[in-house]
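The next block holds one structure in the form of structure tokens; read it before the comments.
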Amino acid sequence: MITPSRPAPLLARSAELRALADAHAHASAAGPLTVLVGGEAGIGKTRLVEEFTTHLAAHTDTRAYLGGCLALGADSLPYAPFAALLRALAREFGTPWTAGALGPAGRRALAPWLPELDDTPHPHALDDPRTPPAPDPHGRSRLFDAVRTLVEAAAAHHPVVLVVEDLHWADTSSRDLLLYLARTLTRPGVLLLATHRSTDLPDDHPLHPLLTALARLGPVRRVDPAPLRRADVARWLADHGLDPARAEEIHRRSQGNPLFVEALAEAGGPATPVPLRDLLLTALRELPDAARQVVRAASAA
């Protein structure tokens, strides 16, 4: 992805921010809610969520915890986003409170993520350190229940927003845990907020069945940031001391994608900037050789 020299533009997002604020109000008063923020790469999903959570931190007692999925494909680290956000939650509340909220079974379940909670003896290690512990047939269910318990315990003190970034890169375990939380959370004050890419995904991508399963749940909403309009592009150019007369060209070439708008504006010429070109060619490079040859022939034609 391109790393902008300035924060990505946040324009024409008042409706989306109102939708997130309404979801937060509902989650705080009526019960937990899941919101899916979807769109193409560069449309401003992360920037929208950052603006929303920053506003919450400044004007409410809500706490937001962030976990990001990693682009490691089938080898992605299990539970990576949830381990990150629970570590942040535990740091804020402290080890004594976390241990008390979880109880003995919950502490054992989350000890791989939060080693400071692991105060249980391991007799097998004293007998023979080469002997592995006996597998726990209920380990997965205990882990899921411990995560839910800790999140709801935190929500009893103040509303919480759990942000899972880049859900399209999530591993199987993280997808399952997100679905579990969306189904089983009951205490008001919990908002699950997940961003995901909605384009450039093959038909057999594992995100599709997850979104279908989530759509069947009652407390799930969608927020899909729309492309910027030409007037929004002109305003962004003017705000950054650039020529608004270029708005028509930049809007046409970017199709209103905020990340592309910034890259094209900073390039200052007709050539496509190298970082933007690399991003646009990502999907092409992932195609089989024969498919790439067909695309190149169609492009030339």
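Following the order of the structure tokens, chains are lettered A, B, ..., residues in each are numbered from 1, and ligands are numbered from 1.
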
Using DSSP on the backbone coordinates, identify the residues of range 43-172 of chain A assigned to strand (DSSP E); present them as a VMD selection string.
-> chain A and resid 63 to 68 160 to 165

Output of the above residues as an mmCIF file, in the first residue's frame, restricted to N, CA, C and O atoms:
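Output below, filename result07.cif:
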```
data_model
loop_
_atom_site.group_PDB
_atom_site.id
_atom_site.type_symbol
_atom_site.label_atom_id
_atom_site.label_comp_id
_atom_site.auth_asym_id
_atom_site.auth_seq_id
_atom_site.Cartn_x
_atom_site.Cartn_y
_atom_site.Cartn_z
ATOM 1 N N ARG A 63 -13.647 3.256 25.209
ATOM 2 C CA ARG A 63 -12.280 2.868 24.893
ATOM 3 C C ARG A 63 -12.290 1.988 23.644
ATOM 4 O O ARG A 63 -13.133 1.098 23.512
ATOM 5 N N ALA A 64 -11.382 2.246 22.739
ATOM 6 C CA ALA A 64 -11.271 1.465 21.507
ATOM 7 C C ALA A 64 -9.977 0.670 21.535
ATOM 8 O O ALA A 64 -8.918 1.205 21.894
ATOM 9 N N TYR A 65 -10.053 -0.598 21.148
ATOM 10 C CA TYR A 65 -8.898 -1.487 21.122
ATOM 11 C C TYR A 65 -8.759 -2.032 19.704
ATOM 12 O O TYR A 65 -9.723 -2.494 19.111
ATOM 13 N N LEU A 66 -7.546 -1.980 19.181
ATOM 14 C CA LEU A 66 -7.299 -2.296 17.774
ATOM 15 C C LEU A 66 -6.491 -3.572 17.621
ATOM 16 O O LEU A 66 -5.495 -3.787 18.310
ATOM 17 N N GLY A 67 -6.929 -4.399 16.670
ATOM 18 C CA GLY A 67 -6.161 -5.571 16.264
ATOM 19 C C GLY A 67 -6.212 -5.692 14.756
ATOM 20 O O GLY A 67 -7.277 -5.546 14.155
ATOM 21 N N GLY A 68 -5.079 -5.938 14.132
ATOM 22 C CA GLY A 68 -5.020 -6.007 12.679
ATOM 23 C C GLY A 68 -4.682 -7.403 12.194
ATOM 24 O O GLY A 68 -3.857 -8.104 12.792
ATOM 25 N N VAL A 160 -16.886 -0.279 25.103
ATOM 26 C CA VAL A 160 -15.674 -0.660 24.393
ATOM 27 C C VAL A 160 -15.989 -0.857 22.913
ATOM 28 O O VAL A 160 -17.084 -1.286 22.540
ATOM 29 N N VAL A 161 -15.021 -0.512 22.076
ATOM 30 C CA VAL A 161 -15.077 -0.763 20.640
ATOM 31 C C VAL A 161 -13.904 -1.669 20.299
ATOM 32 O O VAL A 161 -12.745 -1.322 20.565
ATOM 33 N N LEU A 162 -14.200 -2.824 19.751
ATOM 34 C CA LEU A 162 -13.155 -3.755 19.319
ATOM 35 C C LEU A 162 -13.011 -3.641 17.807
ATOM 36 O O LEU A 162 -13.930 -3.987 17.061
ATOM 37 N N VAL A 163 -11.884 -3.124 17.357
ATOM 38 C CA VAL A 163 -11.649 -2.880 15.939
ATOM 39 C C VAL A 163 -10.764 -3.986 15.382
ATOM 40 O O VAL A 163 -9.634 -4.195 15.857
ATOM 41 N N VAL A 164 -11.267 -4.691 14.381
ATOM 42 C CA VAL A 164 -10.495 -5.718 13.669
ATOM 43 C C VAL A 164 -10.260 -5.202 12.255
ATOM 44 O O VAL A 164 -11.189 -5.098 11.455
ATOM 45 N N GLU A 165 -9.027 -4.856 11.952
ATOM 46 C CA GLU A 165 -8.683 -4.296 10.652
ATOM 47 C C GLU A 165 -8.355 -5.408 9.649
ATOM 48 O O GLU A 165 -7.747 -6.422 10.001
#
```

Could you pull the residues within 10 Å of Arg175 in chain A, counting only C-alpha atoms, minus those fewer than 3 positions along the same chain, as a compact mmCIF listing (two decimals) with C-alpha atoms, in the first residue's frame?
```
# COMPACT_ATOMS: atom_id res chain seq x y z
CA PRO A 78 -3.92 -17.64 14.54
CA TYR A 79 -5.97 -15.10 16.48
CA LEU A 167 -10.75 -8.91 7.90
CA HIS A 168 -10.06 -10.21 4.38
CA TRP A 169 -6.62 -11.31 5.65
CA ALA A 170 -7.94 -13.02 8.78
CA ASP A 171 -7.01 -16.60 9.52
CA THR A 172 -9.67 -19.26 10.11
CA LEU A 178 -15.36 -12.94 15.44
CA LEU A 179 -18.48 -14.88 14.49
CA TYR A 180 -18.66 -16.37 17.97
CA PRO A 206 -13.12 -17.40 2.88
CA LEU A 207 -14.37 -13.90 3.68
CA LEU A 210 -18.14 -15.23 6.93
CA LEU A 211 -20.00 -12.15 5.66
```

I'd like the neighbourhood of range 31-40 of chain A as a PDB file with C-alpha atoms, in the first residue's frame, where a residue qualifies if any of its atoms comes within 7 Å (using only C-alpha atoms), though same-chain residues fewer than 5 positions away should be ignored.
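The new file selection-v9.pdb reads:
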```
ATOM      1  CA  HIS A  26     -27.264   1.507  20.024  1.00  0.00           C
ATOM      2  CA  LYS A  45     -11.898   2.534   5.638  1.00  0.00           C
ATOM      3  CA  ALA A 182     -21.084 -11.503  17.257  1.00  0.00           C
ATOM      4  CA  LEU A 185     -22.056 -11.164  23.369  1.00  0.00           C
ATOM      5  CA  THR A 186     -25.010  -9.954  25.440  1.00  0.00           C
ATOM      6  CA  ARG A 187     -23.864  -7.086  27.667  1.00  0.00           C
ATOM      7  CA  PRO A 188     -24.593  -3.568  26.350  1.00  0.00           C
ATOM      8  CA  GLY A 189     -21.563  -1.422  25.656  1.00  0.00           C
ATOM      9  CA  VAL A 190     -19.699  -3.587  23.120  1.00  0.00           C
ATOM     10  CA  LEU A 191     -19.294  -2.539  19.493  1.00  0.00           C
ATOM     11  CA  LEU A 192     -17.485  -4.934  17.145  1.00  0.00           C
ATOM     12  CA  LEU A 193     -16.085  -2.963  14.213  1.00  0.00           C
ATOM     13  CA  ALA A 194     -14.377  -4.817  11.352  1.00  0.00           C
ATOM     14  CA  THR A 195     -12.943  -3.391   8.134  1.00  0.00           C
ATOM     15  CA  HIS A 196     -12.592  -5.495   5.020  1.00  0.00           C
ATOM     16  CA  ARG A 197     -11.858  -5.215   1.339  1.00  0.00           C
ATOM     17  CA  SER A 198     -14.888  -5.779  -0.882  1.00  0.00           C
ATOM     18  CA  THR A 199     -13.120  -5.969  -4.267  1.00  0.00           C
ATOM     19  CA  PRO A 219     -27.330  -7.089  15.346  1.00  0.00           C
ATOM     20  CA  VAL A 220     -25.083  -6.536  12.282  1.00  0.00           C
ATOM     21  CA  ARG A 221     -24.854  -3.360  10.186  1.00  0.00           C
ATOM     22  CA  ARG A 222     -22.860  -2.314   7.127  1.00  0.00           C
ATOM     23  CA  VAL A 223     -21.085   0.961   6.374  1.00  0.00           C
ATOM     24  CA  ASP A 224     -19.655   1.250   2.858  1.00  0.00           C
ATOM     25  CA  PRO A 225     -17.717   4.486   2.186  1.00  0.00           C
TER      26      PRO A 225
END
```

Of the candidates A:Ala283, A:Leu228, A:Leu201, A:Ala155, which shows the shortest atom-to-atom distance to Gly44 in chain A, using only C-alpha atoms?
-> A:Leu228

Could you work out how far CA of Arg140 in chain A lies from CA of His158 in chain A, giving the answer in Å with one decimal?
->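 If I compute the distance from CA of His158 in chain A to CA of Arg140 in chain A, I get 27.5 Å.
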
Mind checking which residues fall within 10 Å of range 52-56 of chain A, counting only C-alpha atoms, ignoring those fewer than 4 positions away in the same chain, and posting them as a count of residues only?
-> 17

Quick one: residues within 8 Å of Gly106 in chain A, only C-alpha atoms counted, chain neighbours fewer than 2 positions away excluded, as a PyMOL selection string?
-> chain A and resi 102-104+108-110+142-143+145-146

Spatial neighbours of Ala234 in chain A, 10 Å, only C-alpha atoms, chain gap at least 4 places, as a count of residues only = 13

Pick out each residue of range 37-193 of chain A that DSSP on the backbone tags as alpha helix (DSSP H); I need them as a ChimeraX atom specification.
-> /A:45-59,80-93,95-110,123-127,139-155,172-184

Taking into account only C-alpha atoms, which residue in the set A:Leu276, A:Val147, A:Ala263, A:Ala301 is nearest to Ala105 in chain A?
->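 Of A:Leu276, A:Val147, A:Ala263, A:Ala301, the one nearest Ala105 in chain A, counting only C-alpha atoms, is A:Val147.
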
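Across the structure, CA of Ala41 in chain A and CA of Leu89 in chain A are spaced 28.7 Å apart.
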
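Relative to CA of Ile43 in chain A, CA of Asn257 in chain A is found at 5.2 Å.
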
Which one of A:Ala265, A:Leu181, A:Val151, A:Glu51 sits closest to Leu214 in chain A if you count only C-alpha atoms?
-> A:Leu181
